[in-house]
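*Asks:* Submitted below is the structure of interest, expressed as structure tokens.
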Amino acid sequence: MSTTAPAWQRATQHRLFWPIVALVVLLAVNTINRPSFLSIRLQDGHLFGSLVNLLKNGAPLLLVALGMTLVIATRGIDLSVGAVVAISGAVALSFIASSPSPDSLTTVLVAVGIALALSFVLGVWNGFLVSVLGIQPIIATLVLMTAGRGVAMLITGGQITTVNSAPYKAIGSGFWFGVPVAVVLAGLVFAAVALLTRRTALGMLIESVGINPEASRLAGVKARSIIWTVYAVCALFAGLAGLMISSSTMAADANNAGLFIELDAILAVVIGGTSLAGGKFSLSGTLVGVLIIQTLTLTVTMLGISPSVTPLFKAIVVIAVCLAQSPKVRDLVAARRRRAAPTAAAAAEVSA
Amino acid sequence: MSAVQTPAPTSPPDPRGADTAASGGPRMTERLTSRVRLDRRYLPVVGTFAVLALMLVVGGSRYENFLSARVVSNLFINNSFLIVLAVGMTFVILTGGIDLSVGAVVALSGITTASLLQSGWPVAVVLLVSVLIGTVLGLVVGLMVHVFDIQPFIATLAAMFLARGLCYVISLQSIPITDESFVALASWSQQFGDGWRVTTAVIIALVVVAIAFYVLHYTQFGRTVYAIGGGEQSAMLMGLPVARTKVLVYVVSGTCAGIGGLLFAMFSRSGYSLTGVGMELDAIAAVVIGGTLLTGGTGFVLGSVLGVLVLGLIQTIITFEGTLSSWWTKIVIGVLLLVFVILQRVLVVRRR
């Protein structure tokens with residue numbers, strides 16, 4: 001950290017300061033617990049190590065959380081992503097299982113295409129309910145959340161479909177130039193979303209819709225199409241995450257694939273400083289949020305605590321972060337800072 | 001949002017007088033329109049009732065013994081805990097909030113009951129403690145929502161993780177309940193007439209419904225709940241105790257979840273940390289199908305009870321059908337949810 005007071009203060013006032021501190025603390029706990037935690041080694045041209053695994057396991061959550069960030073920025077929410085994850089995996093694996101040559105690249109590409117297309121259609125459906133019919137996002141996506149797992153069960157016939165297909169397995173467990181394919185995919189999507197929203201006006205339009213859809217519409221922003229697109233994209237990302245999850249286990253479990261991933265994703269988005277009230281979003285914040293949740297899960301396991309207790313720690317982190325971000329606490333802190341301001345200003349003069 | 005869509009005069013029962021007073025002269029047309037508008041408030045509940053009746057008729061014509069006292073009694077016995085949850089959820093949703101923690105609180109209350117009984121606590125104390133756990137969690141959520149301005153969605157999500165995590169801290173395994181007096185209480189049932197039967201759980205559930213009905217429609221607290229849902233700003237300007245009421249609805253919902261957990265423990269004779277996963281969604285679905293607007297301000301406790309019965313009846317019909325797999329339940333619930341949400345939407349648009 002910087003030695004001069006103003007820079008230090010600027011750092012602590014940054015939105016992502018406390019989330020990053022939480023992440024660093026978690027990583028430090030892991031390193032103290034097992035000093036080899038941070039080491040990454042190259043084996044057979046592939047990267048190995050706890051951190052690589054952390055990123056690989058976090059890739060699906062990052063994809064879902066990215067879509068969720070955009071949806072939340074428009075003052076919406078998408079509860080159906082877990083169901084979409086299940087449906088996407090079920091469709092892809094059922095198609096591969098029923099095809100004569102599960103190992104051929106064409107089969108896998110077609111399966112991936114069908115699964116992604118279906119996910120996109122489900123997102124279009126959500127977007128239609130929200131943007132055209134004007135139904136509240138929570139309830140509109142609750143419909144698909146409830147029915148979606150049933151649909152996934154219908155596709156797999158209530159069985160856990162398992163297949164052997166080398167090209168499909170590569171999505172979740174393969175390596176590409178030494179880096180896990182899942183991480184590469186999630187990274188590419190992250191970069192694409194970041195470029196599209198921050199290098200074009202799209203991000204600002206999304207935020208304007210989140211602040212006031214009616215005013216944006218009057219100002220000439222196509223609010224309806226933006227909201228519609230955001231839900232479609234969110235489901236598309238969830239579909240891709242579903243492919244990764246089903247590929248790393250090579251089994252389509254309609255009941256458990258992506259269970260609670262919507263809650264984890266919302267959590268990651270909130271930890272990252274994106275307000276549920278819409279109107280502003282932070283992609284880097286979401287990335288940090290996802291890393292915190294993944295590291296937290298890993299830490300609990302590594303410390304030898306039963307993984308079932310993880311929700312308790314998640315609750316503590318959420319409550320802490322939300323309280324730190326709440327206006328009331330901020331006002332209190334600001335009031336204290338104002339009282340301390342004269343001394344700080346004096347210190348700044350001295351250092352200058 | 002709700003303040004824009006539904007102006008204050010949607011809250012029953014006082015606006016009746018306000019409406020006619022505002023219309024001024026005894027002109028026939030205006031009086032007619034105001035009467036139609038009043039009827040419209042009951043329309044979703046009437047719709048729920050129609051669906052329930054239709055399902056009973058269809059079931060009765062398709063299967064033998066369907067329209068029997070035994071089936072109807074079992075409908076109440078098997079869904080008593082859900083009725084209590086839906087009642088609590090109605091309070092929260094009427095104010096425009098949402099409570100995602102009820103399923104986890106059910107598990108926490110149930111496993112506390114089982115574990116305290118196992119260690120030999122007297123039944124009366126155990127019952128009280130289990131319900132109070134829900135009350136305390138509800139209070140915490142209410143304070144987070146009100147004092148720290150955290151969105152209900154996130155605050156109850158945190159409470160959900162907290163309760164679920166605490167469950168695992170208490171026990172990872174299912175704890176059977178063998179305490180004699182508790183089992184006697186749980187298995188008590190009264191037969192009357194031709195096959196009608198009530199259990200302790202049903203009586204408790206009906207008492208909760210009766211109390212909730214009285215509180216919502218005949219007390220100041222109840223009217224304030226409706227007023228907050230109709231428009232929080234207006235309610236505050238009217239000098240109603242908005243802050244206290246907003247905290248209290250979560251206390252009510254938490255208490256109901258505590259009672260629900262107790263009833264579920266009676267129903268299953270055990271406490272298990274995985275019970276009630278997704279139960280909050282069933283409760284929300286029941287409330288919505290029962291005709292309560294998610295934007296708040298409009299809805300009835302008895303409607304929510306009807307909603308629970310509809311959900312229960314879907315399950316019963318699918319059991320009677322025999323060949324249909326259980327996942328059809330989810331799909332049908334999703335479709336019903338959609339129909340009711342669209343119906344509500346149409347009503348809101350018309351009213352505007």
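Residues are referred to by chain and number: the chain letter is A, B, ... according to the order shown in the structure tokens, the number counts from 1 in that chain, and ligands are numbered separately from 1 in the order shown.
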Tell me, as a PyMOL selection string, which residues lie within 12 Å of stretch 190-207 of chain B, counting only C-alpha atoms; anything in the same chain fewer than 4 positions away does not count.
*Replies:* chain B and resi 65+67-88+182-186+211-214+256-257+259-268+301-302+305
*Asks:* Check every residue of chain A for an atom within 9 Å of chain B, counting only C-alpha atoms, and provide those that qualify as a count of residues only.
*Replies:* 45
*Asks:* Could you please write out, as a list of chain:residue names, every residue of stretch 51-195 of chain A that DSSP assigns to strand (DSSP E or B)?
*Replies:*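 Of stretch 51-195 of chain A, only A:Thr161, A:Thr162, A:Phe175, A:Trp176, A:Val179, A:Pro180 fall in strand (DSSP E or B).
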*Asks:* Report the distance between atom CA of A:Pro167 and atom CA of A:Leu105 in Å, rounded to one decimal place.
*Replies:*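 We find that atom CA of A:Pro167 and atom CA of A:Leu105 lie 6.1 Å from each other.
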*Asks:* One decimal, Å: what's the distance from atom CA of A:Ala194 over to atom CA of A:Val269, could you say?
*Replies:* 14.9 Å
*Asks:* I'd like the interatomic distance between atom CA of A:Ile77 and atom CA of A:Thr141, to a tenth of an Å.
*Replies:*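 About the pair atom CA of A:Ile77 and atom CA of A:Thr141: they are 7.8 Å apart.
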*Asks:* Please provide as a list in words all residues within 10 Å of B:Val123, with the sequence filter that same-chain residues fewer than 3 positions apart are discarded (counting only C-alpha atoms).
*Replies:* Thr113, Leu116, Leu117, Gly120, Val126, Leu127, Leu128, Val129, Asp179, Glu180, Ser181, Phe182 and Leu185 of chain B
*Asks:* Using the selection just defined, write its residues with N, CA and C atoms as an mmCIF file, in the first residue's frame.
*Replies:*
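In the end it all went to again-v6.cif:
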```
data_model
loop_
_atom_site.group_PDB
_atom_site.id
_atom_site.type_symbol
_atom_site.label_atom_id
_atom_site.label_comp_id
_atom_site.auth_asym_id
_atom_site.auth_seq_id
_atom_site.Cartn_x
_atom_site.Cartn_y
_atom_site.Cartn_z
ATOM 1 N N THR B 113 -35.890 -29.041 17.569
ATOM 2 C CA THR B 113 -36.876 -29.826 18.308
ATOM 3 C C THR B 113 -36.342 -31.233 18.557
ATOM 4 N N LEU B 116 -33.158 -31.271 20.915
ATOM 5 C CA LEU B 116 -33.452 -30.954 22.319
ATOM 6 C C LEU B 116 -34.234 -32.087 22.970
ATOM 7 N N LEU B 117 -35.175 -32.685 22.220
ATOM 8 C CA LEU B 117 -35.948 -33.795 22.771
ATOM 9 C C LEU B 117 -35.033 -34.979 23.047
ATOM 10 N N GLY B 120 -33.364 -34.785 26.200
ATOM 11 C CA GLY B 120 -34.230 -34.924 27.354
ATOM 12 C C GLY B 120 -34.870 -33.671 27.908
ATOM 13 N N VAL B 126 -39.312 -27.252 24.749
ATOM 14 C CA VAL B 126 -38.815 -27.488 23.393
ATOM 15 C C VAL B 126 -39.711 -26.803 22.364
ATOM 16 N N LEU B 127 -41.029 -26.959 22.543
ATOM 17 C CA LEU B 127 -41.961 -26.344 21.598
ATOM 18 C C LEU B 127 -41.732 -24.835 21.559
ATOM 19 N N LEU B 128 -41.613 -24.249 22.755
ATOM 20 C CA LEU B 128 -41.444 -22.802 22.847
ATOM 21 C C LEU B 128 -40.140 -22.367 22.184
ATOM 22 N N VAL B 129 -39.050 -23.073 22.499
ATOM 23 C CA VAL B 129 -37.737 -22.706 21.964
ATOM 24 C C VAL B 129 -37.750 -22.778 20.433
ATOM 25 N N ASP B 179 -39.348 -39.152 21.835
ATOM 26 C CA ASP B 179 -39.953 -38.670 23.080
ATOM 27 C C ASP B 179 -41.447 -39.020 23.103
ATOM 28 N N GLU B 180 -41.872 -39.688 24.188
ATOM 29 C CA GLU B 180 -43.225 -40.242 24.202
ATOM 30 C C GLU B 180 -44.306 -39.183 24.111
ATOM 31 N N SER B 181 -44.153 -38.125 24.936
ATOM 32 C CA SER B 181 -45.246 -37.147 24.949
ATOM 33 C C SER B 181 -45.312 -36.395 23.623
ATOM 34 N N PHE B 182 -44.142 -36.140 22.979
ATOM 35 C CA PHE B 182 -44.169 -35.454 21.689
ATOM 36 C C PHE B 182 -44.829 -36.338 20.638
ATOM 37 N N LEU B 185 -48.449 -36.361 21.141
ATOM 38 C CA LEU B 185 -49.030 -35.104 20.658
ATOM 39 C C LEU B 185 -49.141 -35.130 19.129
#
```
*Asks:* Write out as a ChimeraX atom specification which residues come within 6 Å of stretch 281-291 of chain A when counting only C-alpha atoms, dropping same-chain ones fewer than 2 positions away.
*Replies:* /A:62,73,268-269,271-272,274,293-295
*Asks:* From the options A:Gln159, A:Ser119, A:Ser80, A:Asn164, which residue's atoms come nearest to A:Ala97, counting only C-alpha atoms?
*Replies:* A:Asn164
*Asks:* Excluding B:Leu293 and its own-chain neighbours fewer than 4 positions away, which residues fall within 12 Å of it when counting only C-alpha atoms? Please give them as number ranges by chain.
*Replies:* A: 135-136, 139; B: 2, 5-6, 10-11, 41-45, 90-98, 226, 229-230, 284-289, 297-300, 303-304, 340-348
*Asks:* With C-alpha atoms retained, export the selected residues as a short mmCIF file (atom, residue, chain, number, x, y, z; two decimals), in the first residue's frame.
*Replies:*
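Below is the file that was written, selection_23.cif:
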```cif
data_model
loop_
_atom_site.label_atom_id
_atom_site.label_comp_id
_atom_site.auth_asym_id
_atom_site.auth_seq_id
_atom_site.Cartn_x
_atom_site.Cartn_y
_atom_site.Cartn_z
CA ILE A 135 -44.30 -9.20 -14.84
CA GLN A 136 -42.03 -8.71 -11.83
CA ILE A 139 -41.90 -14.08 -10.11
CA SER B 2 -45.79 -0.43 -6.29
CA GLN B 5 -48.70 0.92 -10.23
CA THR B 6 -51.29 0.68 -7.52
CA THR B 10 -56.41 -0.60 -3.28
CA SER B 11 -56.00 -1.42 0.37
CA ARG B 41 -60.07 -7.30 -5.92
CA TYR B 42 -61.64 -10.65 -5.16
CA LEU B 43 -61.23 -11.88 -8.72
CA PRO B 44 -57.87 -13.67 -8.27
CA VAL B 45 -59.19 -15.46 -5.17
CA THR B 90 -48.68 -13.51 2.93
CA PHE B 91 -47.90 -10.87 5.56
CA VAL B 92 -44.46 -10.23 4.08
CA ILE B 93 -45.61 -10.18 0.46
CA LEU B 94 -48.51 -7.86 1.33
CA THR B 95 -45.96 -5.23 2.36
CA GLY B 96 -44.13 -5.77 -0.93
CA GLY B 97 -41.28 -7.77 0.60
CA ILE B 98 -40.27 -11.41 0.25
CA TYR B 226 -52.03 -3.31 3.54
CA GLY B 229 -48.05 -2.48 0.31
CA GLY B 230 -50.30 0.08 -1.32
CA ILE B 284 -44.39 -18.10 -2.44
CA ALA B 285 -46.10 -20.04 -5.23
CA ALA B 286 -49.05 -20.79 -2.94
CA VAL B 287 -49.38 -17.12 -1.99
CA VAL B 288 -49.23 -15.99 -5.63
CA ILE B 289 -51.66 -18.67 -6.81
CA GLY B 297 -51.18 -4.24 -1.04
CA THR B 298 -53.67 -6.77 -2.38
CA GLY B 299 -54.35 -10.27 -1.18
CA PHE B 300 -55.96 -12.44 1.45
CA GLY B 303 -56.53 -17.04 -0.67
CA SER B 304 -53.09 -18.33 0.34
CA PHE B 340 -52.04 -16.63 -12.23
CA VAL B 341 -49.22 -14.16 -12.67
CA ILE B 342 -50.49 -13.20 -16.12
CA LEU B 343 -54.04 -12.95 -14.74
CA GLN B 344 -52.80 -10.59 -12.01
CA ARG B 345 -50.91 -8.56 -14.57
CA VAL B 346 -54.01 -8.16 -16.70
CA LEU B 347 -55.97 -7.03 -13.64
CA VAL B 348 -53.36 -4.46 -12.66
#
```
*Asks:* Env of A:Leu23: 6 Å cut, atoms = only C-alpha atoms, seq-sep filter 3 positions within chain, self excluded. Answer as number ranges by chain.
*Replies:* A: 20, 26, 292
